[in-house]
Number of protein chains: 2
Amino acid sequence: MVETVTEPAPSEKGEQTKRLIVDTAVRLFREQGYDKTTMRGIAQAAGLSVGNAYYYFPSKDHLVQEFYATVQEDHAAACAAALTAPAPFADRLGIAWRSLMQTMRPYHGFAGKFIRTALDPGSPVSPFSADSAPARERSMQIMRTVVDGSTTKIDPELRRDLPELLWLCMMGITLYWVHDSSPEQAKTDLLVDRAVPLVDRLVGMSRLPVLRSVTRDALALYRALR
Amino acid sequence: MVETVTEPAPSEKGEQTKRLIVDTAVRLFREQGYDKTTMRGIAQAAGLSVGNAYYYFPSKDHLVQEFYATVQEDHAAACAAALTAPAPFADRLGIAWRSLMQTMRPYHGFAGKFIRTALDPGSPVSPFSADSAPARERSMQIMRTVVDGSTTKIDPELRRDLPELLWLCMMGITLYWVHDSSPEQAKTDLLVDRAVPLVDRLVGMSRLPVLRSVTRDALALYRALR
DNA sequence: GTACCCACTTGAACACGTTCAAGTTCAGTC
DNA sequence: GACTGAACTTGAACGTGTTCAAGTGGGTAC
């Protein structure tokens, strides 16, 4: 669990109540989506008052972040085993991205409302905000694992930033997935299936003399903007 | 103005009231941002009831879309003159993107709340939704103008989809801009300044034998996902 | 002139997220 | 065992976007 709020002195009872609120909220989010899950509903289902939830969580969005964290943990768990043994880059990337799709699939309907708050720069739930740094770092760690265990030869300078770049791609794919209204999100599956070998080829080609210069420039720009 | 709602029979009086509501809403959005502009505030400033605004616009978001349309018109007007004479691709792309930055600059603070609703797939305000097709088409038209007036040699097959791709890039830049907290959004200016020659080089290189195949594949994937 | 119709307008009412002043519980201190 | 203070809990209240049953007004048919 991520500590989204700085507590004065975590005690047993408070921790229990907090957990109860998170669990209830996440359950209701799963069962009935974002809009239909009200703070009053969460409070009632958890058997406490609405103000109590606000004692532990500054906003409904923060509860959504907890939900996001659980999805992320599921994703990490889903591909951990398959990523232990070294393999070609394309294989490992495919494993990671495909398992993300499978992990997120049940929540496609709900994800729209989630991305709404996730992309708000003011919100602490934004994946780029300092507040969600731990969560971001954890999902970026998956991409790092993908790169680190790759048997493919990769330009060292690109390799350094590749995990971050792949993480960005993953955010982009997620954005596409959210807007994907094809049945079972088949189009996103297609995107992943064909983007993986494409990225693989681009990574491989980045070492070619023709592309070397433009790759460096793009990397330098990326670093300047980070 | 975009017709976001299908009226039964547009009469003079109704049209006037509708215009009054839009103008008041856009003015208040400009003056005090999204959150501080309430539906009650708009109604009061326009001298009518809150329910009346809902007779013409299904939601507050639809009023934001009107605001978006005005910004877009400003952008089109801002770069129209500079795009009449043919010029190298990089020059024209720079003109279009840089003028977008200047047009949007005053609304950076407000843009966060806007992107929030803009990226909600359920919302009719999403730039990808059918509801905002006219607005999307108009901003895409700017990118088409950029490509059409380019004196640079471009692979015909890429040229066909280049406007759409540049429009997507523009959306991406806008997304970065919204999250850009550097003073005066200097980082986004840097992004534009350096992304333009980079895109120019990539477009030029796409005709090289080494890149030809990967370019085709990427284009095919893009078309399959559209 | 009267009756009707329908575009247009109203404002109270609803459910929501959020706040807050006021209460309760309880471990530690004397 | 009483006292204290902080952690915890409450529910009414606020302002918001949105809805809706009830009106108003002016043009048209008879």
# chains A, B, ... in the order shown; residues from 1 in each chain; ligands from 1
call {"tool": "closest_atom_pairs", "arguments": {"of": "chain B", "to": "chain D", "cutoff": "10 Å", "atoms": "only C-alpha atoms (C1' of nucleotides)", "output": "tab-separated table"}}
result
residue	atom	partner	partner_atom	distance
B:Asp35	CA	D:DT16	C1'	9.8
B:Thr38	CA	D:DT16	C1'	7.8
B:Met39	CA	D:DG17	C1'	7.5
B:Arg40	CA	D:DT16	C1'	9.5
B:Val50	CA	D:DT18	C1'	9.8
B:Gly51	CA	D:DT19	C1'	8.7
B:Tyr54	CA	D:DT18	C1'	8.3
B:Pro58	CA	D:DT18	C1'	9.1
B:Ser59	CA	D:DT18	C1'	7.9
B:Lys60	CA	D:DG17	C1'	7.7
call {"tool": "write_last_selection", "arguments": {"atoms": "N, CA and C atoms", "output": "tab-separated table (two decimals), in the first residue's frame"}}
result
chain	number	residue	atom	x	y	z
B	35	ASP	N	-13.07	26.43	-12.71
B	35	ASP	CA	-13.69	26.09	-11.43
B	35	ASP	C	-14.52	27.23	-10.87
B	38	THR	N	-19.22	29.25	-12.35
B	38	THR	CA	-20.30	28.30	-12.08
B	38	THR	C	-21.45	28.55	-13.05
B	39	MET	N	-22.28	27.56	-13.19
B	39	MET	CA	-23.45	27.69	-14.05
B	39	MET	C	-24.35	28.81	-13.51
B	40	ARG	N	-24.45	28.91	-12.20
B	40	ARG	CA	-25.24	29.99	-11.63
B	40	ARG	C	-24.62	31.34	-11.96
B	50	VAL	N	-30.57	29.62	-14.49
B	50	VAL	CA	-29.64	28.53	-14.70
B	50	VAL	C	-30.26	27.45	-15.59
B	51	GLY	N	-31.55	27.21	-15.40
B	51	GLY	CA	-32.22	26.21	-16.22
B	51	GLY	C	-32.24	26.58	-17.69
B	54	TYR	N	-29.31	25.35	-19.52
B	54	TYR	CA	-29.40	23.91	-19.78
B	54	TYR	C	-30.42	23.60	-20.88
B	58	PRO	N	-26.35	20.99	-23.02
B	58	PRO	CA	-26.62	19.84	-22.15
B	58	PRO	C	-25.76	19.81	-20.89
B	59	SER	N	-24.61	20.46	-20.92
B	59	SER	CA	-23.74	20.41	-19.75
B	59	SER	C	-22.75	21.57	-19.78
B	60	LYS	N	-22.10	21.74	-18.66
B	60	LYS	CA	-21.06	22.77	-18.55
B	60	LYS	C	-19.92	22.46	-19.54
call {"tool": "closest_atom_pairs", "arguments": {"of": "chain B", "to": "chain A", "cutoff": "7 Å", "atoms": "only C-alpha atoms", "output": "tab-separated table"}}
result
residue	atom	partner	partner_atom	distance
B:Gly112	CA	A:Asp120	CA	5.7
B:Lys113	CA	A:Asp120	CA	6.6
B:Ile115	CA	A:Asp120	CA	6.9
B:Arg116	CA	A:Arg116	CA	5.1
B:Thr117	CA	A:Arg116	CA	6.4
B:Leu119	CA	A:Arg116	CA	6.2
B:Asp120	CA	A:Arg116	CA	5.2
B:Pro121	CA	A:His179	CA	5.5
B:Gly122	CA	A:Gly112	CA	6.8
B:His179	CA	A:Pro121	CA	5.5
B:Lys187	CA	A:Leu225	CA	6.3
B:Leu225	CA	A:Lys187	CA	6.3
call {"tool": "write_last_selection", "arguments": {"atoms": "C-alpha atoms", "output": "mmCIF file, in the first residue's frame"}}
result
data_model
loop_
_atom_site.group_PDB
_atom_site.id
_atom_site.type_symbol
_atom_site.label_atom_id
_atom_site.label_comp_id
_atom_site.auth_asym_id
_atom_site.auth_seq_id
_atom_site.Cartn_x
_atom_site.Cartn_y
_atom_site.Cartn_z
ATOM 1 C CA GLY B 112 -5.699 21.748 -16.744
ATOM 2 C CA LYS B 113 -9.383 21.547 -15.971
ATOM 3 C CA ILE B 115 -7.872 18.671 -20.572
ATOM 4 C CA ARG B 116 -9.493 16.815 -17.746
ATOM 5 C CA THR B 117 -12.821 16.740 -19.472
ATOM 6 C CA LEU B 119 -9.642 13.337 -22.393
ATOM 7 C CA ASP B 120 -12.692 11.698 -20.893
ATOM 8 C CA PRO B 121 -13.791 9.200 -23.541
ATOM 9 C CA GLY B 122 -17.384 9.415 -22.392
ATOM 10 C CA HIS B 179 1.631 19.631 -17.471
ATOM 11 C CA LYS B 187 10.036 23.945 -21.664
ATOM 12 C CA LEU B 225 -5.934 1.612 -35.597
#
call {"tool": "atom_distance", "arguments": {"atom1": "CA of Arg212 (chain B)", "atom2": "CA of Phe89 (chain A)"}}
result
22.7 Å
call {"tool": "residues_around", "arguments": {"residues": "Ala135 (chain B)", "least_positions_apart": "4", "cutoff": "8 Å", "atoms": "only C-alpha atoms (C1' of nucleotides)", "output": "PyMOL selection string"}}
result
chain B and resi 2+69+72+127+139
call {"tool": "select_by_dssp", "arguments": {"residues": "region 47-190 of chain B", "states": "helix (DSSP H, G or I)", "output": "ChimeraX atom specification"}}
result
/B:50-56,60-83,89-118,130-148,156-179,183-190
call {"tool": "closest_atom_pairs", "arguments": {"of": "chain B", "to": "chain C", "cutoff": "8 Å", "atoms": "only C-alpha atoms (C1' of nucleotides)", "output": "tab-separated table"}}
result
residue	atom	partner	partner_atom	distance
B:Gly14	CA	C:DC8	C1'	7.6
B:Ser49	CA	C:DT10	C1'	6.5
B:Gly51	CA	C:DT10	C1'	7.2
B:Asn52	CA	C:DT9	C1'	6.2
call {"tool": "decode", "arguments": {"residues": "region 74-179 of chain B", "atoms": "C-alpha atoms", "output": "PDB file, in the first residue's frame"}}
result
ATOM      1  CA  ASP B  74      -7.755  32.249 -32.895  1.00  0.00           C
ATOM      2  CA  HIS B  75      -5.061  29.747 -33.752  1.00  0.00           C
ATOM      3  CA  ALA B  76      -6.247  29.356 -37.325  1.00  0.00           C
ATOM      4  CA  ALA B  77      -6.430  33.118 -37.738  1.00  0.00           C
ATOM      5  CA  ALA B  78      -3.017  33.607 -36.160  1.00  0.00           C
ATOM      6  CA  CYS B  79      -1.164  31.445 -38.657  1.00  0.00           C
ATOM      7  CA  ALA B  80      -3.341  31.839 -41.744  1.00  0.00           C
ATOM      8  CA  ALA B  81      -1.396  34.778 -43.188  1.00  0.00           C
ATOM      9  CA  ALA B  82       2.008  33.228 -42.541  1.00  0.00           C
ATOM     10  CA  LEU B  83       0.943  30.011 -44.277  1.00  0.00           C
ATOM     11  CA  THR B  84      -0.235  31.496 -47.568  1.00  0.00           C
ATOM     12  CA  ALA B  85       3.163  31.446 -49.278  1.00  0.00           C
ATOM     13  CA  PRO B  86       4.757  28.021 -49.873  1.00  0.00           C
ATOM     14  CA  ALA B  87       7.887  27.316 -47.830  1.00  0.00           C
ATOM     15  CA  PRO B  88      10.038  24.425 -46.592  1.00  0.00           C
ATOM     16  CA  PHE B  89       8.153  21.940 -44.428  1.00  0.00           C
ATOM     17  CA  ALA B  90      10.088  22.753 -41.260  1.00  0.00           C
ATOM     18  CA  ASP B  91       9.327  26.462 -41.552  1.00  0.00           C
ATOM     19  CA  ARG B  92       5.618  25.928 -41.996  1.00  0.00           C
ATOM     20  CA  LEU B  93       5.373  23.398 -39.182  1.00  0.00           C
ATOM     21  CA  GLY B  94       7.236  25.808 -36.900  1.00  0.00           C
ATOM     22  CA  ILE B  95       4.815  28.609 -37.756  1.00  0.00           C
ATOM     23  CA  ALA B  96       1.777  26.467 -36.992  1.00  0.00           C
ATOM     24  CA  TRP B  97       2.992  24.993 -33.740  1.00  0.00           C
ATOM     25  CA  ARG B  98       4.574  28.173 -32.426  1.00  0.00           C
ATOM     26  CA  SER B  99       1.436  30.192 -33.044  1.00  0.00           C
ATOM     27  CA  LEU B 100      -0.571  27.553 -31.210  1.00  0.00           C
ATOM     28  CA  MET B 101       1.647  28.044 -28.188  1.00  0.00           C
ATOM     29  CA  GLN B 102       1.135  31.802 -28.324  1.00  0.00           C
ATOM     30  CA  THR B 103      -2.605  31.456 -28.744  1.00  0.00           C
ATOM     31  CA  MET B 104      -2.957  29.117 -25.794  1.00  0.00           C
ATOM     32  CA  ARG B 105      -0.519  30.873 -23.463  1.00  0.00           C
ATOM     33  CA  PRO B 106      -3.094  33.029 -21.621  1.00  0.00           C
ATOM     34  CA  TYR B 107      -5.126  29.976 -20.704  1.00  0.00           C
ATOM     35  CA  HIS B 108      -2.462  27.737 -19.263  1.00  0.00           C
ATOM     36  CA  GLY B 109      -3.879  27.831 -15.755  1.00  0.00           C
ATOM     37  CA  PHE B 110      -7.341  27.008 -16.963  1.00  0.00           C
ATOM     38  CA  ALA B 111      -6.210  24.368 -19.432  1.00  0.00           C
ATOM     39  CA  GLY B 112      -5.699  21.748 -16.744  1.00  0.00           C
ATOM     40  CA  LYS B 113      -9.383  21.547 -15.971  1.00  0.00           C
ATOM     41  CA  PHE B 114     -10.106  21.585 -19.650  1.00  0.00           C
ATOM     42  CA  ILE B 115      -7.872  18.671 -20.572  1.00  0.00           C
ATOM     43  CA  ARG B 116      -9.493  16.815 -17.746  1.00  0.00           C
ATOM     44  CA  THR B 117     -12.821  16.740 -19.472  1.00  0.00           C
ATOM     45  CA  ALA B 118     -11.278  16.710 -22.942  1.00  0.00           C
ATOM     46  CA  LEU B 119      -9.642  13.337 -22.393  1.00  0.00           C
ATOM     47  CA  ASP B 120     -12.692  11.698 -20.893  1.00  0.00           C
ATOM     48  CA  PRO B 121     -13.791   9.200 -23.541  1.00  0.00           C
ATOM     49  CA  GLY B 122     -17.384   9.415 -22.392  1.00  0.00           C
ATOM     50  CA  SER B 123     -17.485  13.166 -22.729  1.00  0.00           C
ATOM     51  CA  PRO B 124     -18.702  14.598 -26.032  1.00  0.00           C
ATOM     52  CA  VAL B 125     -15.970  17.200 -25.589  1.00  0.00           C
ATOM     53  CA  SER B 126     -13.229  14.663 -26.243  1.00  0.00           C
ATOM     54  CA  PRO B 127     -11.237  15.715 -29.315  1.00  0.00           C
ATOM     55  CA  PHE B 128     -11.693  12.167 -30.600  1.00  0.00           C
ATOM     56  CA  SER B 129     -15.458  12.044 -30.159  1.00  0.00           C
ATOM     57  CA  ALA B 130     -17.898  12.232 -33.037  1.00  0.00           C
ATOM     58  CA  ASP B 131     -19.504  15.191 -31.345  1.00  0.00           C
ATOM     59  CA  SER B 132     -16.439  17.355 -31.768  1.00  0.00           C
ATOM     60  CA  ALA B 133     -15.668  16.162 -35.277  1.00  0.00           C
ATOM     61  CA  PRO B 134     -16.101  19.628 -36.824  1.00  0.00           C
ATOM     62  CA  ALA B 135     -13.693  21.210 -34.375  1.00  0.00           C
ATOM     63  CA  ARG B 136     -11.203  18.397 -34.856  1.00  0.00           C
ATOM     64  CA  GLU B 137     -11.494  18.665 -38.610  1.00  0.00           C
ATOM     65  CA  ARG B 138     -10.833  22.379 -38.482  1.00  0.00           C
ATOM     66  CA  SER B 139      -7.660  22.068 -36.451  1.00  0.00           C
ATOM     67  CA  MET B 140      -6.553  19.183 -38.631  1.00  0.00           C
ATOM     68  CA  GLN B 141      -7.091  21.440 -41.607  1.00  0.00           C
ATOM     69  CA  ILE B 142      -4.273  23.642 -40.336  1.00  0.00           C
ATOM     70  CA  MET B 143      -1.913  20.673 -40.427  1.00  0.00           C
ATOM     71  CA  ARG B 144      -3.118  19.850 -43.918  1.00  0.00           C
ATOM     72  CA  THR B 145      -2.305  23.369 -45.004  1.00  0.00           C
ATOM     73  CA  VAL B 146       1.150  23.028 -43.507  1.00  0.00           C
ATOM     74  CA  VAL B 147       1.849  19.877 -45.513  1.00  0.00           C
ATOM     75  CA  ASP B 148       0.175  21.014 -48.721  1.00  0.00           C
ATOM     76  CA  GLY B 149       2.188  24.202 -48.958  1.00  0.00           C
ATOM     77  CA  SER B 150       5.490  22.499 -48.243  1.00  0.00           C
ATOM     78  CA  THR B 151       8.217  22.758 -50.857  1.00  0.00           C
ATOM     79  CA  THR B 152      10.073  19.873 -49.223  1.00  0.00           C
ATOM     80  CA  LYS B 153      10.109  16.511 -50.953  1.00  0.00           C
ATOM     81  CA  ILE B 154       8.035  14.018 -48.955  1.00  0.00           C
ATOM     82  CA  ASP B 155       7.289  10.342 -49.548  1.00  0.00           C
ATOM     83  CA  PRO B 156       3.809  10.419 -51.145  1.00  0.00           C
ATOM     84  CA  GLU B 157       2.463   7.627 -49.004  1.00  0.00           C
ATOM     85  CA  LEU B 158       3.604   9.325 -45.829  1.00  0.00           C
ATOM     86  CA  ARG B 159       2.381  12.661 -47.127  1.00  0.00           C
ATOM     87  CA  ARG B 160      -1.144  11.300 -47.275  1.00  0.00           C
ATOM     88  CA  ASP B 161      -1.325  10.674 -43.546  1.00  0.00           C
ATOM     89  CA  LEU B 162       1.169  13.268 -42.411  1.00  0.00           C
ATOM     90  CA  PRO B 163      -1.426  15.903 -41.497  1.00  0.00           C
ATOM     91  CA  GLU B 164      -3.191  13.497 -39.178  1.00  0.00           C
ATOM     92  CA  LEU B 165       0.088  12.407 -37.652  1.00  0.00           C
ATOM     93  CA  LEU B 166       1.161  15.997 -37.105  1.00  0.00           C
ATOM     94  CA  TRP B 167      -2.202  16.695 -35.524  1.00  0.00           C
ATOM     95  CA  LEU B 168      -1.594  13.820 -33.130  1.00  0.00           C
ATOM     96  CA  CYS B 169       1.840  15.245 -32.333  1.00  0.00           C
ATOM     97  CA  MET B 170       0.173  18.573 -31.675  1.00  0.00           C
ATOM     98  CA  MET B 171      -2.184  16.889 -29.225  1.00  0.00           C
ATOM     99  CA  GLY B 172       0.832  15.364 -27.531  1.00  0.00           C
ATOM    100  CA  ILE B 173       2.604  18.696 -27.334  1.00  0.00           C
ATOM    101  CA  THR B 174      -0.543  20.219 -25.889  1.00  0.00           C
ATOM    102  CA  LEU B 175      -0.657  17.469 -23.294  1.00  0.00           C
ATOM    103  CA  TYR B 176       2.945  18.216 -22.355  1.00  0.00           C
ATOM    104  CA  TRP B 177       2.165  21.930 -22.284  1.00  0.00           C
ATOM    105  CA  VAL B 178      -0.698  21.409 -19.872  1.00  0.00           C
ATOM    106  CA  HIS B 179       1.631  19.631 -17.471  1.00  0.00           C
TER     107      HIS B 179
END
